[in-house]
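Report on the structure given below.
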Amino acid sequence: MSDDRDDSAGDRRGALVAEYVLGLLGPADHERIGRQIEADPALQRERDFWSARFAALDGEFAEVATPAHVLERIEARLFGVEKKPSVWESLALWRGITAGALAVAVAAIGFNVMRPAPSVTALTTQLVAALEAEGSDVRFLALYDGAGTVRLTALSGDVTSEQDLELWAIQGGADPISMGVIPVNERSEVEISEEIMAGWGEGSVLAITVEPKGGAPEGKPTGPVVAAGEVHQI
Amino acid sequence: MAVQAASADIADLIARCSLHDRTAFRTLYQRTSAKLFGVVLRILKNRAEAEEAIQEVYIKIWQRADRFVAGQYSPISWLVAIARNHALDMLRARRPAGEDIDAALDIADAAPNPERLAAASEDGARIEACLAQLDAEKADAVRGAYLDGYSYEELAQRFAVPLNTMRTWLRRSLIRLRECLTA
């Protein structure tokens, strides 16, 4: 009978869609059949039929608790939520605030004028940065002399006897590079290393973090950013 | 009934995810992650891979929440299908292309009594009854493909039969299963 043949052709088609739903087809076959199904409502009904029927077996999958960190990672990937904001996020937040701090910097240039006049070439490459952050009383002024040295003036701020302030240079998306521990409440000078000098200039960021006495143990900032500012030409 | 109430809750949580409700997403994760982790772990058989997979699965759930149509599937089946398909995709990506046999759907055979496939509610007793009509080994092979994600090669090894025999077994079993389910 032709009806029998039609049914068995339909059953063969159905069986192939069932193989697709079960995941038994090889990679190329699976992809091709998947595309055919997407293009054909009758095949979609066939697929949905098998999916729903096999789903009756879902009760046989035992429940297994996920490790605690999995949800955190999913949320971090979906929503960008992290437990601790990274140095980078802190800086992005504070960069806007430092614009206002430039006023402090300009006012402070006065003390520079009173020093022996620098050479004309040095003057053209002089840079200044005001380092501060909302919620922190640590404020520094950084002045680059155009010849490899940053002069730091502490305007305010203090740390406990178990802590030090550490200065960092952040340039061009790279990890922060340590410029060493800096004294509190006094002026100091820091030589710029070759590594920092390679990317040094307008737009470089200087940041100060609170670290354990002696500085961050592994050369990466561990404490909160208490002051940061972008370097600008004078 | 408790099961139906839980099911409605999950459908509601999925709907709220489609509106980007993060609290609903967290609740959905807390209610369903053990089940879905069980699915990917059983199929991948490797804890580290399953932990990677479950992250991808929930990212897909968040991104596809607007495609969930309440009433078409039970919500938990919809979630299990996303988890199961993701785990199978991972396995398939590793399998050699040599497993392809150029299977093709003959479009000329189109329109197989679709009305009998419509409104396919999940009737657990029905598939169990139809599987019970198959030889025990063949029913186990079908279950192994669905629940453990076994390939034809793995099934052939487990049941100690040649690969082509396993293909023939399963296709005949699926045809019989379809006849029984649509009868």
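Identifiers in this document derive from the order of the structure tokens: chains are assigned A, B, ..., residues are numbered from 1 separately in each chain, and ligands are numbered from 1 in order of occurrence.
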Original post:
For chain A against chain B, which residues fall within 9 Å using only C-alpha atoms, given as a ChimeraX atom specification?
Top reply: /A:6-19,21-30,32-33,36,42-43,45-46,48-58,60-67,70-71,73-75,77-79
Original post:
If we count only C-alpha atoms, what is near segment 184-189 of chain A at a cut-off of 10 Å, once residues fewer than 3 positions away on the same chain are taken out, given as a list in words?
Top reply: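 The residues satisfying every condition are Val138, Phe140, Leu141, Ala142, Leu143, Tyr144, Thr149, Val150, Arg151, Leu152, Thr153, Ala154, Leu155, Ser156, Gly157, Asp158, Val159, Asp164, Leu165, Val181 and Ile192 of chain A.
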File of the preceding selection, C-alpha atoms, as a short mmCIF file (atom, residue, chain, number, x, y, z; two decimals), in the first residue's frame:
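That gives us again.cif:
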```
data_model
loop_
_atom_site.label_atom_id
_atom_site.label_comp_id
_atom_site.auth_asym_id
_atom_site.auth_seq_id
_atom_site.Cartn_x
_atom_site.Cartn_y
_atom_site.Cartn_z
CA VAL A 138 46.36 61.72 50.13
CA PHE A 140 50.56 64.78 45.78
CA LEU A 141 51.91 67.02 43.09
CA ALA A 142 54.24 65.44 40.55
CA LEU A 143 56.47 67.56 38.32
CA TYR A 144 58.64 66.09 35.60
CA THR A 149 63.38 62.87 37.18
CA VAL A 150 59.94 63.29 38.76
CA ARG A 151 59.80 65.62 41.76
CA LEU A 152 57.03 64.80 44.19
CA THR A 153 55.52 67.17 46.69
CA ALA A 154 53.23 65.76 49.35
CA LEU A 155 50.34 68.16 49.87
CA SER A 156 48.50 66.05 52.42
CA GLY A 157 47.96 62.52 53.61
CA ASP A 158 49.39 60.05 56.05
CA VAL A 159 49.66 56.30 56.58
CA ASP A 164 53.91 52.73 52.86
CA LEU A 165 52.72 54.69 49.87
CA VAL A 181 57.88 53.63 47.83
CA ILE A 192 62.17 57.39 35.72
#
```
**OP:** Can you work out the spacing between atom CA of Asp40 of chain A and atom CA of Tyr20 of chain A in Å, to one decimal?
**Re:** 14.7 Å
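Here atom CA of Glu154 of chain B and atom CA of Glu38 of chain A stand 28.4 Å from one another.
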Original post:
Near Asp66 of chain B, counting only C-alpha atoms, which residues have an atom at most 9 Å away, once you skip same-chain residues fewer than 2 positions from it, shown as a list in words?
Top reply: Ile14, Ala15, Cys17, Ser18, Leu19, Trp62, Gln63, Arg64, Phe68 and Val69 of chain B
Original post:
Hey, can you check how far atom CA of Ala70 of chain B sits from atom CA of Ala11 of chain B?
Top reply: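 It comes out at 6.6 Å.
Each of A:Thr160, A:Gly172, A:Ser178, A:Gly148 was checked against Pro217 of chain A using only C-alpha atoms; the smallest atom-to-atom distance is that of A:Ser178.
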